[in-house]
Amino acid sequence: MTPLAITYDDVAAAQRRLAGIVHRTPALTSRTADAMSGARLYFKAENQQRIGAFKLRGAYNAIAQFTPQQRAGGVVTFSSGNHGQAIALAAQLLGVKAVVVMPHDAAAMKRAATQGYGAEVLGYDRYAQDPEQVLQRIAEERGLTPVPPFDHPHVMAGQGTAALELIEQVGELDLLVTPVGGGGLLSGCATALTGAAPRCAAIGVEPEAGNDGQQSLQRGEIVRIETPKTIADAAQSRNLGRHVFPVLQALGVRIVTASDEQLIEAMKFMAARMKLIVEPTGCLGVAAAFNGALGDIRGLRVGIVLSGGNVDLARFASLVGG
Ligand SMILES: *Cc1c(COP(=O)(O)O)cnc(C)c1O
């Protein structure tokens, strides 16, 4: 059997690399949320992370391990937004040139922020072009090193530091719940638990409209789908990563779903009760804690990663105001 892409030690090493670079985001609780779910919920507020999402963890962990030659050449990635910003900031912090390939219809705020960190932004059509192919072509043409948003061991290990931190902050958990796009966050966090909280199970939550991850774990192979139409724009990936999938399988991770309506309810709850702006994708775990998808969680200690808060204010208002 080929070894898994990452181990607990990789996540622990990533945490040392990220010390002083990422914020140690708060772990928040809410009596009302506990009453609604029947569990004791600990929210890891990565919506308050630098760049507004957990993605700086993986991006920085990856670029920090570039060879001197790779650093001199620069980094390239594709992203619907948050990973692009994370690569841009991480590259700036490490003095490396960054090119970010982004869908033409990405949120204006995300585009502007990425350029604000000094990265060059190139557009592509997310419904017509395969981002992986676009990325490979630009990388070869310009001598840049690709760092994809999720399917890379250093990215996965970096994202797992969110779980390490949460366990340090609140102690043992019974369950850790994260959103799922390509599964970088989920696979990293599940791996972190193997060393930090071995009795804690990991569950991923993906949009109901794009449950390729759930299907993949059921079938025992990576299932590819068309780009799903959902308000969870940071989880519109079409398939789990090939480094990601074996980790989820080996660690017995489950994936459940939440609908767009449930995401809107969760966003409203976060704003009204917890005074937090969480983007639709960032609410996947919250929605699952409230919609019953996690199963019977009464009495359990459950960690929930609020993965990001990057949503245009006008869009936020239209989503929660209706
Ligand atoms: C990228 C992202 C996700 C999904 O992460 P994966 O590692 O692709 O599964 C979830 N939420 C937010 C806010 C993100 O930016």
# chains A, B, ... in the order shown; residues from 1 in each chain; ligands from 1
call {"tool": "residues_around", "arguments": {"residues": "Phe54 in chain A", "least_positions_apart": "6", "cutoff": "7 Å", "atoms": "only C-alpha atoms", "output": "list in words"}}
result
Glu46, Gln159, Ser307 and Gly308 of chain A
call {"tool": "residues_around", "arguments": {"residues": "Gln133 in chain A", "least_positions_apart": "6", "cutoff": "12 Å", "atoms": "only C-alpha atoms", "output": "list in words"}}
result
Thr77, Phe78, Val101, Tyr124, Arg126, Ala139, Glu140, Pro146 and Pro148 of chain A
call {"tool": "residues_around", "arguments": {"residues": "Gly74 in chain A", "least_positions_apart": "5", "cutoff": "6 Å", "atoms": "only C-alpha atoms", "output": "number ranges by chain"}}
result
A: 96-98, 144
call {"tool": "write_last_selection", "arguments": {"atoms": "N, CA and C atoms", "output": "PDB file, in the first residue's frame"}}
result
ATOM      1  N   VAL A  96       8.092  36.104  -2.569  1.00  0.00           N
ATOM      2  CA  VAL A  96       7.985  35.284  -3.784  1.00  0.00           C
ATOM      3  C   VAL A  96       6.915  35.892  -4.703  1.00  0.00           C
ATOM      4  N   LYS A  97       7.156  35.892  -6.024  1.00  0.00           N
ATOM      5  CA  LYS A  97       6.172  36.419  -6.990  1.00  0.00           C
ATOM      6  C   LYS A  97       4.991  35.456  -7.100  1.00  0.00           C
ATOM      7  N   ALA A  98       3.750  35.990  -7.216  1.00  0.00           N
ATOM      8  CA  ALA A  98       2.561  35.133  -7.282  1.00  0.00           C
ATOM      9  C   ALA A  98       1.673  35.475  -8.469  1.00  0.00           C
ATOM     10  N   LEU A 144       6.666  28.845 -13.294  1.00  0.00           N
ATOM     11  CA  LEU A 144       6.133  29.033 -11.947  1.00  0.00           C
ATOM     12  C   LEU A 144       5.841  27.676 -11.313  1.00  0.00           C
TER      13      LEU A 144
END
call {"tool": "residues_near_ligand", "arguments": {"ligand": "ligand 1", "cutoff": "6 Å", "atoms": "only C-alpha atoms and all ligand atoms", "output": "PDB file with all heavy atoms, in the first residue's frame"}}
result
ATOM      1  N   ALA A  53     -10.005  33.660   5.943  1.00  0.00           N
ATOM      2  CA  ALA A  53     -10.293  32.223   5.847  1.00  0.00           C
ATOM      3  C   ALA A  53      -9.047  31.434   6.263  1.00  0.00           C
ATOM      4  O   ALA A  53      -7.938  31.990   6.294  1.00  0.00           O
ATOM      5  CB  ALA A  53     -10.712  31.846   4.421  1.00  0.00           C
ATOM      6  N   ASN A  82     -10.482  32.514  -1.970  1.00  0.00           N
ATOM      7  CA  ASN A  82      -9.750  32.531  -0.706  1.00  0.00           C
ATOM      8  C   ASN A  82      -8.339  31.963  -0.814  1.00  0.00           C
ATOM      9  O   ASN A  82      -7.413  32.495  -0.214  1.00  0.00           O
ATOM     10  CB  ASN A  82     -10.535  31.777   0.370  1.00  0.00           C
ATOM     11  CG  ASN A  82     -11.792  32.524   0.780  1.00  0.00           C
ATOM     12  OD1 ASN A  82     -11.871  33.738   0.622  1.00  0.00           O
ATOM     13  ND2 ASN A  82     -12.778  31.805   1.291  1.00  0.00           N
ATOM     14  N   PHE A 150      -6.125  22.493  -2.828  1.00  0.00           N
ATOM     15  CA  PHE A 150      -6.341  21.451  -1.803  1.00  0.00           C
ATOM     16  C   PHE A 150      -5.515  20.196  -2.019  1.00  0.00           C
ATOM     17  O   PHE A 150      -5.096  19.568  -1.064  1.00  0.00           O
ATOM     18  CB  PHE A 150      -7.835  21.071  -1.715  1.00  0.00           C
ATOM     19  CG  PHE A 150      -8.494  20.725  -3.014  1.00  0.00           C
ATOM     20  CD1 PHE A 150      -8.406  19.445  -3.537  1.00  0.00           C
ATOM     21  CD2 PHE A 150      -9.203  21.685  -3.731  1.00  0.00           C
ATOM     22  CE1 PHE A 150      -9.018  19.128  -4.738  1.00  0.00           C
ATOM     23  CE2 PHE A 150      -9.819  21.379  -4.942  1.00  0.00           C
ATOM     24  CZ  PHE A 150      -9.725  20.091  -5.449  1.00  0.00           C
ATOM     25  N   PRO A 179     -16.225  22.200   6.766  1.00  0.00           N
ATOM     26  CA  PRO A 179     -16.726  22.233   5.395  1.00  0.00           C
ATOM     27  C   PRO A 179     -15.810  21.418   4.476  1.00  0.00           C
ATOM     28  O   PRO A 179     -14.631  21.218   4.789  1.00  0.00           O
ATOM     29  CB  PRO A 179     -16.652  23.715   5.023  1.00  0.00           C
ATOM     30  CG  PRO A 179     -16.611  24.446   6.327  1.00  0.00           C
ATOM     31  CD  PRO A 179     -15.868  23.539   7.253  1.00  0.00           C
ATOM     32  N   VAL A 180     -16.353  20.980   3.344  1.00  0.00           N
ATOM     33  CA  VAL A 180     -15.567  20.246   2.350  1.00  0.00           C
ATOM     34  C   VAL A 180     -15.757  20.845   0.965  1.00  0.00           C
ATOM     35  O   VAL A 180     -16.886  20.985   0.494  1.00  0.00           O
ATOM     36  CB  VAL A 180     -16.002  18.765   2.239  1.00  0.00           C
ATOM     37  CG1 VAL A 180     -15.094  18.028   1.248  1.00  0.00           C
ATOM     38  CG2 VAL A 180     -15.972  18.081   3.576  1.00  0.00           C
ATOM     39  N   GLY A 181     -14.637  21.183   0.334  1.00  0.00           N
ATOM     40  CA  GLY A 181     -14.637  21.492  -1.094  1.00  0.00           C
ATOM     41  C   GLY A 181     -13.889  20.339  -1.744  1.00  0.00           C
ATOM     42  O   GLY A 181     -14.425  19.280  -2.034  1.00  0.00           O
ATOM     43  N   GLY A 182     -12.578  20.527  -1.905  1.00  0.00           N
ATOM     44  CA  GLY A 182     -11.734  19.437  -2.397  1.00  0.00           C
ATOM     45  C   GLY A 182     -11.206  18.553  -1.290  1.00  0.00           C
ATOM     46  O   GLY A 182     -10.588  17.520  -1.554  1.00  0.00           O
ATOM     47  N   GLY A 183     -11.427  18.957  -0.041  1.00  0.00           N
ATOM     48  CA  GLY A 183     -11.085  18.106   1.094  1.00  0.00           C
ATOM     49  C   GLY A 183      -9.720  18.352   1.723  1.00  0.00           C
ATOM     50  O   GLY A 183      -9.282  17.564   2.561  1.00  0.00           O
ATOM     51  N   GLY A 184      -9.067  19.447   1.356  1.00  0.00           N
ATOM     52  CA  GLY A 184      -7.777  19.766   1.976  1.00  0.00           C
ATOM     53  C   GLY A 184      -7.929  20.017   3.469  1.00  0.00           C
ATOM     54  O   GLY A 184      -7.173  19.479   4.286  1.00  0.00           O
ATOM     55  N   LEU A 185      -8.916  20.830   3.814  1.00  0.00           N
ATOM     56  CA  LEU A 185      -9.161  21.150   5.221  1.00  0.00           C
ATOM     57  C   LEU A 185      -9.551  19.897   6.004  1.00  0.00           C
ATOM     58  O   LEU A 185      -9.004  19.622   7.072  1.00  0.00           O
ATOM     59  CB  LEU A 185     -10.282  22.200   5.318  1.00  0.00           C
ATOM     60  CG  LEU A 185     -10.714  22.599   6.727  1.00  0.00           C
ATOM     61  CD1 LEU A 185      -9.584  23.296   7.481  1.00  0.00           C
ATOM     62  CD2 LEU A 185     -11.952  23.511   6.673  1.00  0.00           C
ATOM     63  N   ALA A 234     -17.092  28.595  -2.123  1.00  0.00           N
ATOM     64  CA  ALA A 234     -15.743  28.079  -1.817  1.00  0.00           C
ATOM     65  C   ALA A 234     -15.732  26.544  -1.768  1.00  0.00           C
ATOM     66  O   ALA A 234     -14.703  25.936  -1.501  1.00  0.00           O
ATOM     67  CB  ALA A 234     -15.235  28.661  -0.505  1.00  0.00           C
ATOM     68  N   ALA A 235     -16.897  25.939  -2.024  1.00  0.00           N
ATOM     69  CA  ALA A 235     -16.973  24.468  -2.020  1.00  0.00           C
ATOM     70  C   ALA A 235     -17.553  23.961  -3.338  1.00  0.00           C
ATOM     71  O   ALA A 235     -18.241  22.958  -3.385  1.00  0.00           O
ATOM     72  CB  ALA A 235     -17.814  23.986  -0.842  1.00  0.00           C
ATOM     73  N   THR A 281     -20.132  29.110   2.531  1.00  0.00           N
ATOM     74  CA  THR A 281     -19.373  27.860   2.689  1.00  0.00           C
ATOM     75  C   THR A 281     -18.930  27.663   4.139  1.00  0.00           C
ATOM     76  O   THR A 281     -18.915  26.530   4.639  1.00  0.00           O
ATOM     77  CB  THR A 281     -18.119  27.871   1.787  1.00  0.00           C
ATOM     78  OG1 THR A 281     -18.502  28.298   0.485  1.00  0.00           O
ATOM     79  CG2 THR A 281     -17.495  26.493   1.720  1.00  0.00           C
ATOM     80  N   GLY A 282     -18.605  28.759   4.786  1.00  0.00           N
ATOM     81  CA  GLY A 282     -18.129  28.685   6.165  1.00  0.00           C
ATOM     82  C   GLY A 282     -19.173  28.185   7.129  1.00  0.00           C
ATOM     83  O   GLY A 282     -18.861  27.774   8.254  1.00  0.00           O
ATOM     84  N   SER A 307     -15.112  28.249   8.410  1.00  0.00           N
ATOM     85  CA  SER A 307     -13.904  28.265   7.580  1.00  0.00           C
ATOM     86  C   SER A 307     -13.563  29.612   6.970  1.00  0.00           C
ATOM     87  O   SER A 307     -12.407  29.855   6.622  1.00  0.00           O
ATOM     88  CB  SER A 307     -14.029  27.205   6.489  1.00  0.00           C
ATOM     89  OG  SER A 307     -15.216  27.400   5.753  1.00  0.00           O
ATOM     90  N   GLY A 308     -14.551  30.509   6.818  1.00  0.00           N
ATOM     91  CA  GLY A 308     -14.228  31.796   6.209  1.00  0.00           C
ATOM     92  C   GLY A 308     -15.341  32.816   6.339  1.00  0.00           C
ATOM     93  O   GLY A 308     -16.490  32.475   6.631  1.00  0.00           O
TER      94      GLY A 308
END
call {"tool": "select_by_dssp", "arguments": {"residues": "range 149-224 of chain A", "states": "alpha helix (DSSP H)", "output": "VMD selection string"}}
result
chain A and resid 153 to 159 161 to 170 184 to 196 212 to 219
call {"tool": "write_last_selection", "arguments": {"atoms": "N, CA and C atoms", "output": "mmCIF file, in the first residue's frame"}}
result
data_model
loop_
_atom_site.group_PDB
_atom_site.id
_atom_site.type_symbol
_atom_site.label_atom_id
_atom_site.label_comp_id
_atom_site.auth_asym_id
_atom_site.auth_seq_id
_atom_site.Cartn_x
_atom_site.Cartn_y
_atom_site.Cartn_z
ATOM 1 N N PRO A 153 0.135 17.764 -0.441
ATOM 2 C CA PRO A 153 0.398 17.370 0.953
ATOM 3 C C PRO A 153 0.731 18.549 1.871
ATOM 4 N N HIS A 154 1.490 19.528 1.377
ATOM 5 C CA HIS A 154 1.872 20.645 2.251
ATOM 6 C C HIS A 154 0.681 21.550 2.540
ATOM 7 N N VAL A 155 -0.217 21.654 1.555
ATOM 8 C CA VAL A 155 -1.445 22.434 1.770
ATOM 9 C C VAL A 155 -2.333 21.716 2.794
ATOM 10 N N MET A 156 -2.516 20.424 2.599
ATOM 11 C CA MET A 156 -3.352 19.625 3.509
ATOM 12 C C MET A 156 -2.820 19.712 4.946
ATOM 13 N N ALA A 157 -1.496 19.544 5.105
ATOM 14 C CA ALA A 157 -0.900 19.573 6.453
ATOM 15 C C ALA A 157 -1.111 20.943 7.091
ATOM 16 N N GLY A 158 -0.938 21.999 6.295
ATOM 17 C CA GLY A 158 -1.131 23.352 6.828
ATOM 18 C C GLY A 158 -2.556 23.569 7.306
ATOM 19 N N GLN A 159 -3.527 23.129 6.515
ATOM 20 C CA GLN A 159 -4.941 23.325 6.905
ATOM 21 C C GLN A 159 -5.253 22.573 8.200
ATOM 22 N N THR A 161 -3.644 22.436 10.797
ATOM 23 C CA THR A 161 -3.265 23.152 12.024
ATOM 24 C C THR A 161 -4.467 23.839 12.662
ATOM 25 N N ALA A 162 -5.532 24.071 11.904
ATOM 26 C CA ALA A 162 -6.749 24.657 12.501
ATOM 27 C C ALA A 162 -7.298 23.714 13.565
ATOM 28 N N ALA A 163 -7.263 22.412 13.284
ATOM 29 C CA ALA A 163 -7.758 21.427 14.250
ATOM 30 C C ALA A 163 -6.816 21.300 15.447
ATOM 31 N N LEU A 164 -5.503 21.296 15.187
ATOM 32 C CA LEU A 164 -4.539 21.211 16.298
ATOM 33 C C LEU A 164 -4.778 22.340 17.294
ATOM 34 N N GLU A 165 -4.938 23.540 16.728
ATOM 35 C CA GLU A 165 -5.140 24.721 17.566
ATOM 36 C C GLU A 165 -6.422 24.612 18.382
ATOM 37 N N LEU A 166 -7.487 24.162 17.727
ATOM 38 C CA LEU A 166 -8.772 24.075 18.418
ATOM 39 C C LEU A 166 -8.688 23.092 19.598
ATOM 40 N N ILE A 167 -8.029 21.963 19.378
ATOM 41 C CA ILE A 167 -7.880 20.984 20.464
ATOM 42 C C ILE A 167 -7.059 21.593 21.612
ATOM 43 N N GLU A 168 -6.002 22.344 21.260
ATOM 44 C CA GLU A 168 -5.215 23.022 22.299
ATOM 45 C C GLU A 168 -6.087 23.984 23.095
ATOM 46 N N GLN A 169 -7.016 24.638 22.403
ATOM 47 C CA GLN A 169 -7.831 25.665 23.045
ATOM 48 C C GLN A 169 -8.943 25.091 23.912
ATOM 49 N N VAL A 170 -9.574 24.008 23.479
ATOM 50 C CA VAL A 170 -10.780 23.533 24.192
ATOM 51 C C VAL A 170 -10.649 22.111 24.727
ATOM 52 N N GLY A 184 -9.067 19.447 1.356
ATOM 53 C CA GLY A 184 -7.777 19.766 1.976
ATOM 54 C C GLY A 184 -7.929 20.017 3.469
ATOM 55 N N LEU A 185 -8.916 20.830 3.814
ATOM 56 C CA LEU A 185 -9.161 21.150 5.221
ATOM 57 C C LEU A 185 -9.551 19.897 6.004
ATOM 58 N N LEU A 186 -10.476 19.142 5.462
ATOM 59 C CA LEU A 186 -10.975 17.949 6.158
ATOM 60 C C LEU A 186 -9.873 16.905 6.346
ATOM 61 N N SER A 187 -9.103 16.642 5.300
ATOM 62 C CA SER A 187 -8.058 15.608 5.411
ATOM 63 C C SER A 187 -6.961 16.048 6.374
ATOM 64 N N GLY A 188 -6.617 17.335 6.338
ATOM 65 C CA GLY A 188 -5.599 17.851 7.257
ATOM 66 C C GLY A 188 -6.074 17.776 8.699
ATOM 67 N N CYS A 189 -7.314 18.183 8.932
ATOM 68 C CA CYS A 189 -7.856 18.171 10.291
ATOM 69 C C CYS A 189 -8.001 16.736 10.810
ATOM 70 N N ALA A 190 -8.481 15.828 9.956
ATOM 71 C CA ALA A 190 -8.633 14.434 10.376
ATOM 72 C C ALA A 190 -7.265 13.853 10.753
ATOM 73 N N THR A 191 -6.233 14.224 10.009
ATOM 74 C CA THR A 191 -4.879 13.752 10.303
ATOM 75 C C THR A 191 -4.370 14.357 11.617
ATOM 76 N N ALA A 192 -4.674 15.623 11.838
ATOM 77 C CA ALA A 192 -4.271 16.279 13.091
ATOM 78 C C ALA A 192 -4.844 15.532 14.292
ATOM 79 N N LEU A 193 -6.095 15.082 14.149
ATOM 80 C CA LEU A 193 -6.764 14.402 15.262
ATOM 81 C C LEU A 193 -6.079 13.092 15.627
ATOM 82 N N THR A 194 -5.464 12.429 14.652
ATOM 83 C CA THR A 194 -4.858 11.124 14.945
ATOM 84 C C THR A 194 -3.802 11.244 16.040
ATOM 85 N N GLY A 195 -3.132 12.418 16.100
ATOM 86 C CA GLY A 195 -2.144 12.617 17.167
ATOM 87 C C GLY A 195 -2.673 13.414 18.334
ATOM 88 N N ALA A 196 -3.545 14.383 18.061
ATOM 89 C CA ALA A 196 -3.947 15.336 19.095
ATOM 90 C C ALA A 196 -5.203 14.906 19.859
ATOM 91 N N ASP A 212 -20.205 15.257 -4.286
ATOM 92 C CA ASP A 212 -19.255 14.303 -4.890
ATOM 93 C C ASP A 212 -18.407 13.602 -3.831
ATOM 94 N N GLY A 213 -18.087 14.308 -2.755
ATOM 95 C CA GLY A 213 -17.260 13.702 -1.707
ATOM 96 C C GLY A 213 -17.989 12.569 -1.008
ATOM 97 N N GLN A 214 -19.244 12.812 -0.687
ATOM 98 C CA GLN A 214 -20.077 11.784 -0.053
ATOM 99 C C GLN A 214 -20.202 10.562 -0.967
ATOM 100 N N GLN A 215 -20.469 10.826 -2.252
ATOM 101 C CA GLN A 215 -20.564 9.721 -3.220
ATOM 102 C C GLN A 215 -19.254 8.960 -3.334
ATOM 103 N N SER A 216 -18.141 9.699 -3.302
ATOM 104 C CA SER A 216 -16.826 9.070 -3.453
ATOM 105 C C SER A 216 -16.554 8.093 -2.308
ATOM 106 N N LEU A 217 -16.847 8.527 -1.078
ATOM 107 C CA LEU A 217 -16.589 7.647 0.067
ATOM 108 C C LEU A 217 -17.515 6.433 0.029
ATOM 109 N N GLN A 218 -18.748 6.630 -0.441
ATOM 110 C CA GLN A 218 -19.678 5.498 -0.552
ATOM 111 C C GLN A 218 -19.217 4.485 -1.598
ATOM 112 N N ARG A 219 -18.719 4.996 -2.745
ATOM 113 C CA ARG A 219 -18.336 4.092 -3.835
ATOM 114 C C ARG A 219 -16.919 3.556 -3.729
#
call {"tool": "residues_around", "arguments": {"residues": "range 205-211 of chain A", "least_positions_apart": "2", "cutoff": "9 Å", "atoms": "only C-alpha atoms", "output": "PyMOL selection string"}}
result
chain A and resi 177-181+203+213-216+225-232+235-238+254-260+263+281+284-285+287-288+293
call {"tool": "residues_around", "arguments": {"residues": "Ala271 in chain A", "least_positions_apart": "2", "cutoff": "12 Å", "atoms": "only C-alpha atoms", "output": "mmCIF file with N, CA, C and O atoms, in the first residue's frame"}}
result
data_model
loop_
_atom_site.group_PDB
_atom_site.id
_atom_site.type_symbol
_atom_site.label_atom_id
_atom_site.label_comp_id
_atom_site.auth_asym_id
_atom_site.auth_seq_id
_atom_site.Cartn_x
_atom_site.Cartn_y
_atom_site.Cartn_z
ATOM 1 N N ILE A 264 -28.328 29.468 4.579
ATOM 2 C CA ILE A 264 -28.828 30.818 4.840
ATOM 3 C C ILE A 264 -29.308 30.941 6.288
ATOM 4 O O ILE A 264 -28.999 31.918 6.972
ATOM 5 N N GLU A 265 -30.015 29.920 6.762
ATOM 6 C CA GLU A 265 -30.452 29.946 8.173
ATOM 7 C C GLU A 265 -29.248 30.009 9.111
ATOM 8 O O GLU A 265 -29.255 30.728 10.107
ATOM 9 N N ALA A 266 -28.206 29.245 8.780
ATOM 10 C CA ALA A 266 -27.004 29.231 9.622
ATOM 11 C C ALA A 266 -26.299 30.586 9.587
ATOM 12 O O ALA A 266 -25.814 31.078 10.612
ATOM 13 N N MET A 267 -26.250 31.216 8.401
ATOM 14 C CA MET A 267 -25.640 32.557 8.303
ATOM 15 C C MET A 267 -26.404 33.555 9.155
ATOM 16 O O MET A 267 -25.815 34.394 9.833
ATOM 17 N N LYS A 268 -27.736 33.453 9.112
ATOM 18 C CA LYS A 268 -28.562 34.359 9.930
ATOM 19 C C LYS A 268 -28.282 34.143 11.411
ATOM 20 O O LYS A 268 -28.155 35.094 12.180
ATOM 21 N N PHE A 269 -28.194 32.879 11.810
ATOM 22 C CA PHE A 269 -27.919 32.582 13.218
ATOM 23 C C PHE A 269 -26.578 33.172 13.638
ATOM 24 O O PHE A 269 -26.455 33.820 14.681
ATOM 25 N N ARG A 273 -27.078 35.981 16.356
ATOM 26 C CA ARG A 273 -26.795 35.503 17.710
ATOM 27 C C ARG A 273 -25.345 35.635 18.113
ATOM 28 O O ARG A 273 -25.034 35.926 19.254
ATOM 29 N N MET A 274 -24.436 35.364 17.172
ATOM 30 C CA MET A 274 -23.013 35.339 17.543
ATOM 31 C C MET A 274 -22.243 36.546 17.018
ATOM 32 O O MET A 274 -21.063 36.675 17.246
ATOM 33 N N LYS A 275 -22.963 37.420 16.304
ATOM 34 C CA LYS A 275 -22.357 38.659 15.796
ATOM 35 C C LYS A 275 -21.180 38.375 14.870
ATOM 36 O O LYS A 275 -20.173 39.071 14.882
ATOM 37 N N LEU A 276 -21.305 37.318 14.086
ATOM 38 C CA LEU A 276 -20.231 36.910 13.192
ATOM 39 C C LEU A 276 -20.688 36.937 11.741
ATOM 40 O O LEU A 276 -21.793 36.480 11.428
ATOM 41 N N ILE A 277 -19.836 37.493 10.880
ATOM 42 C CA ILE A 277 -20.078 37.386 9.440
ATOM 43 C C ILE A 277 -19.337 36.145 8.952
ATOM 44 O O ILE A 277 -18.108 36.090 9.009
ATOM 45 N N VAL A 278 -20.103 35.144 8.535
ATOM 46 C CA VAL A 278 -19.516 33.902 8.026
ATOM 47 C C VAL A 278 -20.037 33.714 6.611
ATOM 48 O O VAL A 278 -21.227 33.874 6.351
ATOM 49 N N GLU A 279 -19.138 33.422 5.672
ATOM 50 C CA GLU A 279 -19.572 33.248 4.282
ATOM 51 C C GLU A 279 -20.364 31.944 4.156
ATOM 52 O O GLU A 279 -20.287 31.071 5.039
ATOM 53 N N PRO A 280 -21.159 31.796 3.081
ATOM 54 C CA PRO A 280 -22.020 30.607 2.968
ATOM 55 C C PRO A 280 -21.266 29.295 3.196
ATOM 56 O O PRO A 280 -21.697 28.447 3.994
ATOM 57 N N CYS A 283 -20.443 28.220 6.708
ATOM 58 C CA CYS A 283 -21.569 27.805 7.553
ATOM 59 C C CYS A 283 -21.950 26.340 7.364
ATOM 60 O O CYS A 283 -22.903 25.877 8.000
ATOM 61 N N GLY A 309 -14.987 34.076 6.092
ATOM 62 C CA GLY A 309 -15.959 35.162 6.221
ATOM 63 C C GLY A 309 -15.943 36.113 5.037
ATOM 64 O O GLY A 309 -16.412 37.245 5.139
ATOM 65 N N PHE A 316 -24.091 39.477 1.212
ATOM 66 C CA PHE A 316 -24.446 39.043 2.561
ATOM 67 C C PHE A 316 -25.837 39.556 2.923
ATOM 68 O O PHE A 316 -26.695 38.811 3.387
ATOM 69 N N ALA A 317 -26.064 40.851 2.651
ATOM 70 C CA ALA A 317 -27.353 41.454 2.993
ATOM 71 C C ALA A 317 -28.486 40.782 2.235
ATOM 72 O O ALA A 317 -29.544 40.506 2.787
ATOM 73 N N LEU A 319 -28.569 37.749 1.072
ATOM 74 C CA LEU A 319 -28.761 36.370 1.538
ATOM 75 C C LEU A 319 -29.466 36.325 2.895
ATOM 76 O O LEU A 319 -30.386 35.530 3.095
ATOM 77 N N VAL A 320 -29.038 37.153 3.840
ATOM 78 C CA VAL A 320 -29.615 37.060 5.187
ATOM 79 C C VAL A 320 -30.823 37.971 5.364
ATOM 80 O O VAL A 320 -31.594 37.807 6.317
ATOM 81 N N GLY A 321 -31.016 38.901 4.437
ATOM 82 C CA GLY A 321 -32.079 39.884 4.607
ATOM 83 C C GLY A 321 -33.440 39.396 4.129
ATOM 84 O O GLY A 321 -34.476 39.982 4.449
#
call {"tool": "residues_around", "arguments": {"residues": "range 23-38 of chain A", "least_positions_apart": "5", "cutoff": "7 Å", "atoms": "only C-alpha atoms", "output": "JSON, numbers by chain"}}
result
{"A": [43, 44, 45, 46, 48, 49, 50, 166, 169, 289, 290, 297, 298, 299]}
call {"tool": "write_last_selection", "arguments": {"atoms": "C-alpha atoms", "output": "PDB file, in the first residue's frame"}}
result
ATOM      1  CA  PHE A  43     -16.737  27.266  16.895  1.00  0.00           C
ATOM      2  CA  LYS A  44     -13.241  27.814  15.485  1.00  0.00           C
ATOM      3  CA  ALA A  45     -13.505  31.333  14.063  1.00  0.00           C
ATOM      4  CA  GLU A  46     -11.330  31.064  10.956  1.00  0.00           C
ATOM      5  CA  GLN A  48     -11.322  36.011  11.558  1.00  0.00           C
ATOM      6  CA  GLN A  49      -8.101  34.502  10.173  1.00  0.00           C
ATOM      7  CA  ARG A  50      -5.750  36.714   8.095  1.00  0.00           C
ATOM      8  CA  LEU A 166      -8.772  24.075  18.418  1.00  0.00           C
ATOM      9  CA  GLN A 169      -7.831  25.665  23.045  1.00  0.00           C
ATOM     10  CA  ALA A 289     -25.206  20.701  13.474  1.00  0.00           C
ATOM     11  CA  PHE A 290     -28.697  22.175  13.202  1.00  0.00           C
ATOM     12  CA  ILE A 297     -24.938  14.596  18.848  1.00  0.00           C
ATOM     13  CA  ARG A 298     -26.778  15.224  22.127  1.00  0.00           C
ATOM     14  CA  GLY A 299     -24.300  15.566  24.976  1.00  0.00           C
TER      15      GLY A 299
END
call {"tool": "closest_residue", "arguments": {"among": "A:Leu41, A:Ala5, A:Val147, A:Val305", "to": "Ala59 in chain A", "atoms": "only C-alpha atoms"}}
result
A:Val147
call {"tool": "residues_around", "arguments": {"residues": "Ala88 in chain A", "least_positions_apart": "3", "cutoff": "8 Å", "atoms": "only C-alpha atoms", "output": "PyMOL selection string"}}
result
chain A and resi 84-85+91-92+98-100+114-115+117-119
call {"tool": "write_last_selection", "arguments": {"atoms": "N, CA and C atoms", "output": "tab-separated table (two decimals), in the first residue's frame"}}
result
chain	number	residue	atom	x	y	z
A	84	GLY	N	-6.54	31.98	-3.46
A	84	GLY	CA	-5.78	32.96	-4.23
A	84	GLY	C	-5.25	34.07	-3.33
A	85	GLN	N	-6.11	34.57	-2.46
A	85	GLN	CA	-5.67	35.60	-1.51
A	85	GLN	C	-4.60	35.06	-0.58
A	91	ALA	N	2.95	34.52	-0.38
A	91	ALA	CA	4.06	34.82	-1.29
A	91	ALA	C	4.68	36.17	-0.94
A	92	GLN	N	3.81	37.14	-0.64
A	92	GLN	CA	4.34	38.45	-0.27
A	92	GLN	C	5.19	38.36	1.00
A	98	ALA	N	3.75	35.99	-7.22
A	98	ALA	CA	2.56	35.13	-7.28
A	98	ALA	C	1.67	35.48	-8.47
A	99	VAL	N	1.18	34.43	-9.17
A	99	VAL	CA	0.17	34.58	-10.22
A	99	VAL	C	-1.05	33.76	-9.79
A	100	VAL	N	-2.24	34.37	-9.83
A	100	VAL	CA	-3.46	33.69	-9.40
A	100	VAL	C	-4.46	33.64	-10.55
A	114	THR	N	-6.83	40.05	-3.74
A	114	THR	CA	-5.70	39.27	-4.26
A	114	THR	C	-4.69	40.19	-4.93
A	115	GLN	N	-5.20	41.12	-5.74
A	115	GLN	CA	-4.31	42.09	-6.38
A	115	GLN	C	-3.67	43.00	-5.35
A	117	TYR	N	-2.57	42.25	-2.53
A	117	TYR	CA	-1.37	41.63	-1.95
A	117	TYR	C	-0.24	41.52	-2.96
A	118	GLY	N	-0.43	42.13	-4.12
A	118	GLY	CA	0.67	42.19	-5.08
A	118	GLY	C	0.70	41.05	-6.08
A	119	ALA	N	-0.36	40.22	-6.12
A	119	ALA	CA	-0.37	39.11	-7.07
A	119	ALA	C	-0.93	39.56	-8.41
call {"tool": "atom_distance", "arguments": {"atom1": "CA of Lys55 in chain A", "atom2": "CA of Arg224 in chain A"}}
result
23.1 Å
call {"tool": "closest_residue", "arguments": {"among": "A:Leu240, A:Val76, A:Leu175, A:Ala128", "to": "Ile222 in chain A", "atoms": "only C-alpha atoms"}}
result
A:Leu240
